[in-house]
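Read through the structure below, which is laid out as structure tokens, and then see the notes.
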Amino acid sequence: MAEILVTGGAGYIGSHVVKQLIEETDHRVHIIDNLSTGFIETIKRLEEIAAGKNKQIKFTKLDLSHWDKVDNFIKENNFDAVIHFAAALIVPESVENPLKYYLNNTANTAHLIKCCVENKVNKFIFSSTAAVYGEPDKKSIPIDEDCPTNPINPYGMSKRMSEIVLKDAAKAHSNFNYVILRYFNVAGADPLGRIGQSTKNATHLIKVAAETALGKRKKMYIFGDDYETRDGTCIRDYIHVDDLAKSHLLAYEYLKNGHSSDVFNCGYGYGFTVKEVIDTMKKVSGVDFDVEIVGRRAGDPAELVADNKKIKTILNFKPVYDDLEFICKTALEWEKKLT
Ligand SMILES: NC(=O)c1ccc[n+]([C@@H]2O[C@H](COP(=O)([O-])OP(=O)(O)OC[C@H]3O[C@@H](n4cnc5c(N)ncnc54)[C@H](O)[C@@H]3O)[C@@H](O)[C@H]2O)c1
Ligand SMILES: O=c1ccn([C@@H]2O[C@H](COP(=O)(O)OP(=O)(O)O[C@H]3O[C@H](CO)[C@@H](O)[C@H](O)[C@H]3O)[C@@H](O)[C@H]2O)c(=O)[nH]1
């Protein structure tokens, strides 16, 4: 049994990982979150899930930018591992306000790593993103972990810089090990409908499509149909949030078994176009909602698809929910609960 700290556990992806830690392991979970984009209701749902298993989770409202408090918090507890989700993640906002991203994502992460090193918290699992690859050329797709990183916005750069901090820290402190997980496009919700993505003003395609199917938006927009892809719209590798969550449990086992630090792409290895996703949402919802084609959104690469051989081979990752209809259906069911 391990003591695991989850930062950002009141958010979308973190809460699905906490759910799995409760349901599939005997680890004790302590969440910290400043509730900037996460929700206290999510913590309450997680507490209910834990109670159903005769377990408890701990929650401390804490902002990672309060370094003194974070120092004390890590000192006072005896964590075996940290799974670090807390971050800001809106790409256009990162262009307008880069310092927010370098402070919240890079500086606070560097400080958290320092606390871990000083207090012998030797296992660190980090949420990174396909955005670290920037706009890879066609011949690099599917993208493997050796593809050069070249982030094109401050969000991607803030994550790439955190990766470098982790690598250097692990090089200098031989007991400290990390797993970096580079997520591709995360979507869907708990298949039992208990938690999901509650993000306000979400820009994510599948969430926007679910909102439009439910009439929360009058119509939705396709950002560009003049890309060099099979139907002119961008291609992405959509991974169900529960499959992604599982990779964190596998990463913990990997580190616990004494393996050394490494980086893994998280995706299914194939992609769908924006039009294919919208058609799938129309099919599962039974609603032929309005869609308008508009110009390209700045900074959107034509295609991002993961080469997932490494995570399958080394972490033994086995996708369970790799079905776009199922992903859209769970996103839609969750969206209904938010109305
Ligand atoms: N959603 C995606 O498609 C996606 C893709 C790639 C990577 N990621 C990464 O996954 C992680 C989780 O993303 P998410 O989609 O769950 O987002 P989210 O906004 O739902 O979750 C982030 C959580 O971190 C908390 N937080 C933010 N700053 C904090 C701080 N200074 N102190 C304490 N808590 C803080 C927020 O309140 C929130 O609960 C992020 O690191 C993000 O960069 C997400
Ligand atoms: O209303 C919409 C929303 C999105 N899109 C398009 O859909 C695709 C996917 O967009 P989105 O869901 O916003 O995801 P990405 O821009 O690919 O970024 C996501 O996936 C990245 C990893 O691949 C993460 O780093 C980001 O945090 C996460 O938001 C893109 O081509 C968008 O132009 C539309 O056409 N209309």
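A note on labels: chains of the structure tokens are A, B, ... as shown, every chain counts residues from 1, and ligands are counted from 1 in their shown order.
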
### Query
Which residues sit within 8 Å of ligand 1, counting only C-alpha atoms and all ligand atoms, listed as a PyMOL selection string?
chain A and resi 7-15+32-39+61-65+84-89+104-105+108+126-131+155+159+182-187+197-199+204

### Query
Can you tell me which residues sit at most 9 Å away from ligand 2, counting only C-alpha atoms and all ligand atoms, written as a PyMOL selection string?
chain A and resi 89-91+128-132+155-156+182-187+202-209+220-225+233-238+273-275+277+293-294+296-305

Selected residues written out, N, CA and C atoms, as a compact mmCIF listing (two decimals), in the first residue's frame:
# COMPACT_ATOMS: atom_id res chain seq x y z
N LEU A 89 -4.13 25.09 -18.93
CA LEU A 89 -3.99 24.35 -20.19
C LEU A 89 -4.77 24.89 -21.38
N ILE A 90 -5.01 26.20 -21.38
CA ILE A 90 -5.74 26.76 -22.53
C ILE A 90 -4.75 27.43 -23.47
N VAL A 91 -4.58 26.84 -24.64
CA VAL A 91 -3.51 27.29 -25.55
C VAL A 91 -3.62 28.78 -25.89
N SER A 128 2.23 15.34 -19.38
CA SER A 128 2.71 16.20 -20.47
C SER A 128 1.72 16.08 -21.63
N THR A 129 2.12 16.54 -22.77
CA THR A 129 1.15 16.70 -23.85
C THR A 129 1.80 16.53 -25.21
N ALA A 130 0.99 16.13 -26.18
CA ALA A 130 1.47 16.05 -27.56
C ALA A 130 1.86 17.43 -28.08
N ALA A 131 1.40 18.48 -27.37
CA ALA A 131 1.76 19.84 -27.78
C ALA A 131 3.27 20.08 -27.71
N VAL A 132 4.02 19.22 -27.02
CA VAL A 132 5.48 19.41 -27.00
C VAL A 132 6.09 19.13 -28.37
N TYR A 155 2.02 27.23 -23.80
CA TYR A 155 1.52 26.06 -23.06
C TYR A 155 2.43 24.85 -23.31
N GLY A 156 2.65 24.53 -24.59
CA GLY A 156 3.49 23.39 -24.94
C GLY A 156 4.91 23.58 -24.42
N ARG A 182 2.92 11.73 -22.29
CA ARG A 182 2.52 12.77 -23.25
C ARG A 182 1.15 12.39 -23.80
N TYR A 183 0.12 13.08 -23.30
CA TYR A 183 -1.24 12.75 -23.72
C TYR A 183 -1.53 13.30 -25.11
N PHE A 184 -2.21 12.52 -25.92
CA PHE A 184 -2.78 13.05 -27.15
C PHE A 184 -4.18 13.58 -26.78
N ASN A 185 -5.22 13.43 -27.58
CA ASN A 185 -6.48 14.13 -27.26
C ASN A 185 -7.36 13.29 -26.34
N VAL A 186 -7.58 13.81 -25.17
CA VAL A 186 -8.28 13.06 -24.12
C VAL A 186 -9.77 13.39 -24.19
N ALA A 187 -10.62 12.38 -24.11
CA ALA A 187 -12.06 12.65 -24.23
C ALA A 187 -12.85 11.54 -23.54
N ALA A 202 -15.39 25.10 -22.45
CA ALA A 202 -14.42 24.16 -23.03
C ALA A 202 -14.26 24.40 -24.52
N THR A 203 -13.05 24.13 -24.99
CA THR A 203 -12.78 24.29 -26.43
C THR A 203 -12.55 22.92 -27.08
N HIS A 204 -12.54 21.86 -26.27
CA HIS A 204 -12.24 20.51 -26.80
C HIS A 204 -13.35 20.03 -27.72
N LEU A 205 -12.95 19.50 -28.86
CA LEU A 205 -13.90 19.15 -29.92
C LEU A 205 -15.05 18.26 -29.43
N ILE A 206 -14.73 17.18 -28.73
CA ILE A 206 -15.79 16.22 -28.38
C ILE A 206 -16.74 16.83 -27.35
N LYS A 207 -16.21 17.59 -26.43
CA LYS A 207 -17.09 18.26 -25.44
C LYS A 207 -17.98 19.30 -26.14
N VAL A 208 -17.38 20.08 -27.04
CA VAL A 208 -18.16 21.09 -27.78
C VAL A 208 -19.27 20.41 -28.58
N ALA A 209 -18.94 19.28 -29.22
CA ALA A 209 -19.94 18.56 -30.03
C ALA A 209 -21.07 18.04 -29.13
N MET A 220 -22.01 24.54 -33.96
CA MET A 220 -20.56 24.51 -33.72
C MET A 220 -19.82 24.77 -35.03
N TYR A 221 -18.53 25.00 -34.87
CA TYR A 221 -17.73 25.40 -36.03
C TYR A 221 -16.62 24.39 -36.29
N ILE A 222 -16.35 24.17 -37.56
CA ILE A 222 -15.17 23.38 -37.94
C ILE A 222 -14.10 24.39 -38.36
N PHE A 223 -12.96 24.29 -37.67
CA PHE A 223 -11.89 25.26 -37.93
C PHE A 223 -11.01 24.79 -39.09
N GLY A 224 -11.47 25.02 -40.31
CA GLY A 224 -10.66 24.73 -41.49
C GLY A 224 -10.99 23.39 -42.12
N ASP A 225 -11.27 23.41 -43.44
CA ASP A 225 -11.46 22.13 -44.15
C ASP A 225 -10.55 22.08 -45.38
N THR A 233 -10.20 18.14 -42.98
CA THR A 233 -10.21 18.63 -41.59
C THR A 233 -9.11 17.91 -40.79
N CYS A 234 -8.75 18.50 -39.66
CA CYS A 234 -7.59 18.01 -38.89
C CYS A 234 -7.84 16.62 -38.30
N ILE A 235 -6.77 15.88 -38.18
CA ILE A 235 -6.83 14.52 -37.61
C ILE A 235 -6.19 14.52 -36.23
N ARG A 236 -6.89 13.88 -35.27
CA ARG A 236 -6.36 13.74 -33.92
C ARG A 236 -6.58 12.32 -33.43
N ASP A 237 -5.75 11.95 -32.44
CA ASP A 237 -5.81 10.61 -31.84
C ASP A 237 -6.56 10.76 -30.51
N TYR A 238 -7.82 10.37 -30.48
CA TYR A 238 -8.66 10.58 -29.29
C TYR A 238 -8.57 9.36 -28.38
N THR A 273 -10.82 12.46 -38.26
CA THR A 273 -10.91 13.86 -38.67
C THR A 273 -12.00 14.55 -37.84
N VAL A 274 -11.97 15.88 -37.87
CA VAL A 274 -12.99 16.65 -37.15
C VAL A 274 -14.38 16.26 -37.66
N LYS A 275 -14.51 16.12 -38.99
CA LYS A 275 -15.83 15.75 -39.54
C LYS A 275 -16.26 14.37 -39.06
N VAL A 277 -15.51 12.94 -36.26
CA VAL A 277 -15.92 13.04 -34.85
C VAL A 277 -17.33 13.63 -34.76
N ILE A 293 -18.52 25.61 -41.38
CA ILE A 293 -17.08 25.57 -41.63
C ILE A 293 -16.54 27.00 -41.66
N VAL A 294 -15.54 27.26 -40.85
CA VAL A 294 -14.92 28.59 -40.81
C VAL A 294 -13.42 28.42 -41.06
N ARG A 296 -9.21 28.39 -40.50
CA ARG A 296 -8.34 27.62 -39.59
C ARG A 296 -8.16 28.33 -38.25
N ARG A 297 -7.99 27.55 -37.19
CA ARG A 297 -7.64 28.11 -35.88
C ARG A 297 -6.11 28.17 -35.84
N ALA A 298 -5.57 29.29 -35.36
CA ALA A 298 -4.11 29.45 -35.36
C ALA A 298 -3.45 28.32 -34.58
N GLY A 299 -2.37 27.80 -35.13
CA GLY A 299 -1.56 26.84 -34.38
C GLY A 299 -2.06 25.41 -34.40
N ASP A 300 -3.06 25.09 -35.22
CA ASP A 300 -3.55 23.71 -35.28
C ASP A 300 -2.73 22.90 -36.30
N PRO A 301 -1.97 21.90 -35.85
CA PRO A 301 -1.30 21.04 -36.82
C PRO A 301 -2.33 20.17 -37.56
N ALA A 302 -2.04 19.81 -38.81
CA ALA A 302 -3.00 19.03 -39.60
C ALA A 302 -3.28 17.67 -38.96
N GLU A 303 -2.22 17.05 -38.47
CA GLU A 303 -2.41 15.68 -37.97
C GLU A 303 -1.51 15.41 -36.76
N LEU A 304 -2.11 14.86 -35.70
CA LEU A 304 -1.35 14.43 -34.52
C LEU A 304 -1.83 13.03 -34.15
N VAL A 305 -1.01 12.06 -34.41
CA VAL A 305 -1.36 10.68 -34.07
C VAL A 305 -0.15 10.06 -33.37

For Asn308 of chain A, please output as a tab-separated table (two decimals) with C-alpha atoms, in the first residue's frame all residues within 7 Å (counting only C-alpha atoms; exclusion window: fewer than 5 positions along the same chain).
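Printed below is out-v7.tsv as written:
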chain	number	residue	atom	x	y	z
A	265	ASN	CA	3.09	8.75	-25.67
A	266	CYS	CA	-0.52	8.09	-24.70
A	267	GLY	CA	-2.82	7.52	-27.64
A	268	TYR	CA	-4.39	4.72	-29.67
A	269	GLY	CA	-2.17	5.01	-32.74

#### Entry: Distance query segment 244-251 of chain A at most 7 Å, only C-alpha atoms, self and fewer than 3 positions along chain excluded, as a PyMOL selection string
chain A and resi 16-17+179+239-241+254-255+266+315+317

For the residues in the current selection, export C-alpha atoms as a short mmCIF file (atom, residue, chain, number, x, y, z; two decimals), in the first residue's frame.
data_model
loop_
_atom_site.label_atom_id
_atom_site.label_comp_id
_atom_site.auth_asym_id
_atom_site.auth_seq_id
_atom_site.Cartn_x
_atom_site.Cartn_y
_atom_site.Cartn_z
CA HIS A 16 -10.49 9.71 -13.30
CA VAL A 17 -7.08 8.60 -12.06
CA VAL A 179 7.51 8.87 -15.88
CA ILE A 239 -7.99 8.48 -26.18
CA HIS A 240 -10.73 7.64 -23.67
CA VAL A 241 -9.98 9.22 -20.29
CA TYR A 254 6.74 0.54 -13.43
CA LEU A 255 8.51 2.93 -11.05
CA CYS A 266 -0.52 8.09 -24.70
CA LEU A 315 4.13 -0.41 -19.59
CA PHE A 317 -0.76 -0.63 -21.85
#

### Message
Which of segment 75-304 of chain A end up as strand (DSSP E or B) when DSSP is run on this backbone - answer as a VMD selection string?
### Response
chain A and resid 81 to 84 123 to 129 143 177 to 183 185 to 187 219 to 223 235 to 236 238 to 240 262 to 266 272 to 273 290 to 294 303 to 304

With N, CA and C atoms retained, could you export that selection as a compact mmCIF listing (two decimals), in the first residue's frame?
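Contents of the output file part05.txt:
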# COMPACT_ATOMS: atom_id res chain seq x y z
N ALA A 81 4.72 8.63 -3.82
CA ALA A 81 4.71 9.06 -5.22
C ALA A 81 3.84 10.29 -5.38
N VAL A 82 4.15 11.04 -6.43
CA VAL A 82 3.31 12.18 -6.81
C VAL A 82 2.83 11.95 -8.24
N ILE A 83 1.54 12.17 -8.46
CA ILE A 83 1.02 12.21 -9.83
C ILE A 83 0.57 13.65 -10.04
N HIS A 84 1.25 14.32 -10.96
CA HIS A 84 1.14 15.78 -11.02
C HIS A 84 0.32 16.23 -12.24
N LYS A 123 9.15 8.97 -6.63
CA LYS A 123 8.44 8.57 -7.87
C LYS A 123 7.54 9.71 -8.30
N PHE A 124 7.73 10.17 -9.53
CA PHE A 124 7.02 11.36 -9.99
C PHE A 124 6.43 11.06 -11.37
N ILE A 125 5.11 11.17 -11.46
CA ILE A 125 4.43 10.90 -12.75
C ILE A 125 3.86 12.22 -13.24
N PHE A 126 4.23 12.58 -14.46
CA PHE A 126 3.96 13.94 -14.94
C PHE A 126 3.07 13.94 -16.18
N SER A 127 2.03 14.80 -16.14
CA SER A 127 1.12 15.01 -17.27
C SER A 127 1.77 15.92 -18.28
N SER A 128 2.23 15.34 -19.38
CA SER A 128 2.71 16.20 -20.47
C SER A 128 1.72 16.08 -21.63
N THR A 129 2.12 16.54 -22.77
CA THR A 129 1.15 16.70 -23.85
C THR A 129 1.80 16.53 -25.21
N ILE A 143 3.65 9.72 -34.43
CA ILE A 143 4.75 10.36 -33.71
C ILE A 143 5.28 9.45 -32.61
N ASN A 177 13.04 9.20 -9.61
CA ASN A 177 12.67 8.71 -10.94
C ASN A 177 11.32 9.25 -11.38
N TYR A 178 11.17 9.39 -12.67
CA TYR A 178 9.92 9.95 -13.19
C TYR A 178 9.39 9.12 -14.36
N VAL A 179 8.10 9.27 -14.60
CA VAL A 179 7.51 8.87 -15.88
C VAL A 179 6.79 10.09 -16.43
N ILE A 180 7.15 10.45 -17.66
CA ILE A 180 6.45 11.54 -18.36
C ILE A 180 5.44 10.88 -19.31
N LEU A 181 4.18 11.27 -19.17
CA LEU A 181 3.15 10.76 -20.08
C LEU A 181 2.72 11.90 -20.99
N ARG A 182 2.92 11.73 -22.29
CA ARG A 182 2.52 12.77 -23.25
C ARG A 182 1.15 12.39 -23.80
N TYR A 183 0.12 13.08 -23.30
CA TYR A 183 -1.24 12.75 -23.72
C TYR A 183 -1.53 13.30 -25.11
N ASN A 185 -5.22 13.43 -27.58
CA ASN A 185 -6.48 14.13 -27.26
C ASN A 185 -7.36 13.29 -26.34
N VAL A 186 -7.58 13.81 -25.17
CA VAL A 186 -8.28 13.06 -24.12
C VAL A 186 -9.77 13.39 -24.19
N ALA A 187 -10.62 12.38 -24.11
CA ALA A 187 -12.06 12.65 -24.23
C ALA A 187 -12.85 11.54 -23.54
N LYS A 219 -24.91 26.18 -32.55
CA LYS A 219 -24.20 25.43 -33.59
C LYS A 219 -22.74 25.34 -33.21
N MET A 220 -22.01 24.54 -33.96
CA MET A 220 -20.56 24.51 -33.72
C MET A 220 -19.82 24.77 -35.03
N TYR A 221 -18.53 25.00 -34.87
CA TYR A 221 -17.73 25.40 -36.03
C TYR A 221 -16.62 24.39 -36.29
N ILE A 222 -16.35 24.17 -37.56
CA ILE A 222 -15.17 23.38 -37.94
C ILE A 222 -14.10 24.39 -38.36
N PHE A 223 -12.96 24.29 -37.67
CA PHE A 223 -11.89 25.26 -37.93
C PHE A 223 -11.01 24.79 -39.09
N ILE A 235 -6.77 15.88 -38.18
CA ILE A 235 -6.83 14.52 -37.61
C ILE A 235 -6.19 14.52 -36.23
N ARG A 236 -6.89 13.88 -35.27
CA ARG A 236 -6.36 13.74 -33.92
C ARG A 236 -6.58 12.32 -33.43
N TYR A 238 -7.82 10.37 -30.48
CA TYR A 238 -8.66 10.58 -29.29
C TYR A 238 -8.57 9.36 -28.38
N ILE A 239 -8.12 9.58 -27.14
CA ILE A 239 -7.99 8.48 -26.18
C ILE A 239 -9.03 8.66 -25.07
N HIS A 240 -9.73 7.57 -24.74
CA HIS A 240 -10.73 7.64 -23.67
C HIS A 240 -10.03 7.90 -22.33
N ASP A 262 11.42 7.43 -17.72
CA ASP A 262 11.18 7.32 -19.16
C ASP A 262 9.98 8.17 -19.58
N VAL A 263 9.80 8.29 -20.90
CA VAL A 263 8.70 9.11 -21.44
C VAL A 263 7.87 8.25 -22.40
N PHE A 264 6.55 8.41 -22.31
CA PHE A 264 5.66 7.58 -23.13
C PHE A 264 4.55 8.44 -23.76
N ASN A 265 4.27 8.16 -25.02
CA ASN A 265 3.09 8.75 -25.67
C ASN A 265 1.85 7.99 -25.25
N CYS A 266 0.75 8.73 -25.06
CA CYS A 266 -0.52 8.09 -24.70
C CYS A 266 -1.55 8.38 -25.78
N PHE A 272 -8.88 10.36 -36.09
CA PHE A 272 -10.14 10.69 -36.78
C PHE A 272 -10.11 12.15 -37.18
N THR A 273 -10.82 12.46 -38.26
CA THR A 273 -10.91 13.86 -38.67
C THR A 273 -12.00 14.55 -37.84
N ASP A 290 -26.41 21.85 -36.13
CA ASP A 290 -25.82 22.74 -37.14
C ASP A 290 -24.30 22.83 -36.99
N VAL A 291 -23.62 22.76 -38.12
CA VAL A 291 -22.16 22.87 -38.12
C VAL A 291 -21.77 23.83 -39.23
N GLU A 292 -20.89 24.78 -38.91
CA GLU A 292 -20.45 25.72 -39.95
C GLU A 292 -18.94 25.62 -40.13
N ILE A 293 -18.52 25.61 -41.38
CA ILE A 293 -17.08 25.57 -41.63
C ILE A 293 -16.54 27.00 -41.66
N VAL A 294 -15.54 27.26 -40.85
CA VAL A 294 -14.92 28.59 -40.81
C VAL A 294 -13.42 28.42 -41.06
N GLU A 303 -2.22 17.05 -38.47
CA GLU A 303 -2.41 15.68 -37.97
C GLU A 303 -1.51 15.41 -36.76
N LEU A 304 -2.11 14.86 -35.70
CA LEU A 304 -1.35 14.43 -34.52
C LEU A 304 -1.83 13.03 -34.15

### Message
When you count only C-alpha atoms, which of these residues is closest to Asn175 of chain A: A:Asp144, A:Glu118, A:Asp71, A:Asp190?
### Response
A:Glu118

Backbone DSSP call of alpha helix (DSSP H) for segment 24-267 of chain A, listed as a PDB file with C-alpha atoms, in the first residue's frame:
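This is the output file states-v2.pdb:
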ATOM      1  CA  GLU A  24      -8.407  -0.825  -8.497  1.00  0.00           C
ATOM      2  CA  ILE A  40     -15.429  20.607  -5.105  1.00  0.00           C
ATOM      3  CA  GLU A  41     -18.412  18.570  -6.413  1.00  0.00           C
ATOM      4  CA  THR A  42     -15.899  16.273  -8.125  1.00  0.00           C
ATOM      5  CA  ILE A  43     -14.105  15.763  -4.813  1.00  0.00           C
ATOM      6  CA  LYS A  44     -17.476  14.931  -3.219  1.00  0.00           C
ATOM      7  CA  ARG A  45     -18.220  12.354  -5.939  1.00  0.00           C
ATOM      8  CA  LEU A  46     -14.796  10.798  -5.415  1.00  0.00           C
ATOM      9  CA  GLU A  47     -15.472  10.657  -1.671  1.00  0.00           C
ATOM     10  CA  GLU A  48     -18.728   8.831  -2.419  1.00  0.00           C
ATOM     11  CA  ILE A  49     -16.941   6.368  -4.701  1.00  0.00           C
ATOM     12  CA  ALA A  50     -14.380   5.798  -1.935  1.00  0.00           C
ATOM     13  CA  ALA A  51     -17.094   5.369   0.716  1.00  0.00           C
ATOM     14  CA  GLY A  52     -18.689   2.698  -1.494  1.00  0.00           C
ATOM     15  CA  TRP A  67       5.632  27.506  -2.019  1.00  0.00           C
ATOM     16  CA  ASP A  68       6.046  27.744   1.761  1.00  0.00           C
ATOM     17  CA  LYS A  69       2.781  25.908   2.314  1.00  0.00           C
ATOM     18  CA  VAL A  70       3.687  23.291  -0.275  1.00  0.00           C
ATOM     19  CA  ASP A  71       7.095  22.819   1.419  1.00  0.00           C
ATOM     20  CA  ASN A  72       5.401  22.185   4.757  1.00  0.00           C
ATOM     21  CA  PHE A  73       2.719  20.006   3.252  1.00  0.00           C
ATOM     22  CA  ILE A  74       5.220  17.660   1.572  1.00  0.00           C
ATOM     23  CA  LYS A  75       7.382  17.619   4.714  1.00  0.00           C
ATOM     24  CA  GLU A  76       4.433  16.764   6.972  1.00  0.00           C
ATOM     25  CA  VAL A  91      -3.510  27.286 -25.552  1.00  0.00           C
ATOM     26  CA  PRO A  92      -4.816  30.727 -26.698  1.00  0.00           C
ATOM     27  CA  GLU A  93      -4.669  31.992 -23.115  1.00  0.00           C
ATOM     28  CA  SER A  94      -1.044  30.843 -22.962  1.00  0.00           C
ATOM     29  CA  VAL A  95      -0.263  33.022 -25.987  1.00  0.00           C
ATOM     30  CA  GLU A  96      -1.892  36.085 -24.382  1.00  0.00           C
ATOM     31  CA  PRO A  98       2.596  33.316 -21.216  1.00  0.00           C
ATOM     32  CA  LEU A  99       3.895  34.223 -17.756  1.00  0.00           C
ATOM     33  CA  LYS A 100       0.863  32.591 -16.129  1.00  0.00           C
ATOM     34  CA  TYR A 101       1.876  29.370 -17.906  1.00  0.00           C
ATOM     35  CA  ASN A 108       5.445  25.507  -9.657  1.00  0.00           C
ATOM     36  CA  THR A 109       6.384  22.124 -11.109  1.00  0.00           C
ATOM     37  CA  ALA A 110      10.092  22.811 -10.548  1.00  0.00           C
ATOM     38  CA  HIS A 111       9.310  23.767  -6.956  1.00  0.00           C
ATOM     39  CA  LEU A 112       7.208  20.640  -6.414  1.00  0.00           C
ATOM     40  CA  ILE A 113      10.048  18.502  -7.807  1.00  0.00           C
ATOM     41  CA  LYS A 114      12.459  20.218  -5.390  1.00  0.00           C
ATOM     42  CA  CYS A 115      10.144  19.364  -2.467  1.00  0.00           C
ATOM     43  CA  CYS A 116       9.997  15.752  -3.653  1.00  0.00           C
ATOM     44  CA  VAL A 117      13.767  15.445  -3.976  1.00  0.00           C
ATOM     45  CA  GLU A 118      14.336  17.007  -0.535  1.00  0.00           C
ATOM     46  CA  PRO A 154       3.780  28.856 -24.383  1.00  0.00           C
ATOM     47  CA  TYR A 155       1.520  26.057 -23.056  1.00  0.00           C
ATOM     48  CA  GLY A 156       3.490  23.386 -24.940  1.00  0.00           C
ATOM     49  CA  MET A 157       6.770  25.090 -24.055  1.00  0.00           C
ATOM     50  CA  SER A 158       5.852  25.295 -20.353  1.00  0.00           C
ATOM     51  CA  LYS A 159       5.295  21.531 -20.362  1.00  0.00           C
ATOM     52  CA  ARG A 160       8.464  20.822 -22.326  1.00  0.00           C
ATOM     53  CA  MET A 161      10.455  22.928 -19.870  1.00  0.00           C
ATOM     54  CA  SER A 162       8.959  20.943 -16.977  1.00  0.00           C
ATOM     55  CA  GLU A 163      10.052  17.737 -18.727  1.00  0.00           C
ATOM     56  CA  ILE A 164      13.611  19.085 -18.892  1.00  0.00           C
ATOM     57  CA  VAL A 165      13.555  20.049 -15.207  1.00  0.00           C
ATOM     58  CA  LEU A 166      12.450  16.503 -14.372  1.00  0.00           C
ATOM     59  CA  LYS A 167      15.166  14.933 -16.518  1.00  0.00           C
ATOM     60  CA  ASP A 168      17.917  17.071 -15.013  1.00  0.00           C
ATOM     61  CA  ALA A 169      16.657  16.481 -11.467  1.00  0.00           C
ATOM     62  CA  ALA A 170      16.648  12.728 -12.042  1.00  0.00           C
ATOM     63  CA  LYS A 171      20.157  12.874 -13.501  1.00  0.00           C
ATOM     64  CA  ALA A 172      21.478  14.723 -10.448  1.00  0.00           C
ATOM     65  CA  LEU A 205     -13.903  19.149 -29.917  1.00  0.00           C
ATOM     66  CA  ILE A 206     -15.791  16.224 -28.377  1.00  0.00           C
ATOM     67  CA  LYS A 207     -17.094  18.257 -25.443  1.00  0.00           C
ATOM     68  CA  VAL A 208     -18.160  21.091 -27.779  1.00  0.00           C
ATOM     69  CA  ALA A 209     -19.942  18.562 -30.035  1.00  0.00           C
ATOM     70  CA  ALA A 210     -21.746  17.037 -27.008  1.00  0.00           C
ATOM     71  CA  GLU A 211     -22.832  20.506 -25.836  1.00  0.00           C
ATOM     72  CA  THR A 212     -24.134  21.304 -29.335  1.00  0.00           C
ATOM     73  CA  ALA A 213     -26.029  18.004 -29.581  1.00  0.00           C
ATOM     74  CA  VAL A 241      -9.980   9.220 -20.291  1.00  0.00           C
ATOM     75  CA  ASP A 242     -10.236   5.873 -18.465  1.00  0.00           C
ATOM     76  CA  ASP A 243      -7.637   4.262 -20.739  1.00  0.00           C
ATOM     77  CA  LEU A 244      -5.419   7.291 -20.194  1.00  0.00           C
ATOM     78  CA  ALA A 245      -6.030   7.061 -16.438  1.00  0.00           C
ATOM     79  CA  LYS A 246      -4.922   3.428 -16.474  1.00  0.00           C
ATOM     80  CA  SER A 247      -1.552   4.394 -17.925  1.00  0.00           C
ATOM     81  CA  HIS A 248      -0.848   6.328 -14.697  1.00  0.00           C
ATOM     82  CA  LEU A 249      -1.447   3.221 -12.594  1.00  0.00           C
ATOM     83  CA  LEU A 250       0.864   1.290 -14.914  1.00  0.00           C
ATOM     84  CA  ALA A 251       3.463   4.057 -14.664  1.00  0.00           C
ATOM     85  CA  TYR A 252       3.361   3.837 -10.862  1.00  0.00           C
ATOM     86  CA  GLU A 253       3.878   0.040 -10.991  1.00  0.00           C
ATOM     87  CA  TYR A 254       6.739   0.544 -13.427  1.00  0.00           C
ATOM     88  CA  LEU A 255       8.514   2.929 -11.050  1.00  0.00           C
ATOM     89  CA  LYS A 256       7.704   0.796  -8.011  1.00  0.00           C
TER      90      LYS A 256
END

#### Entry: Of the listed residues A:Val320, A:Val18, A:Asn54, A:Phe59, that which approaches Pro191 of chain A most closely, counting only C-alpha atoms
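That would be A:Val320, the residue with the smallest distance to Pro191 of chain A.
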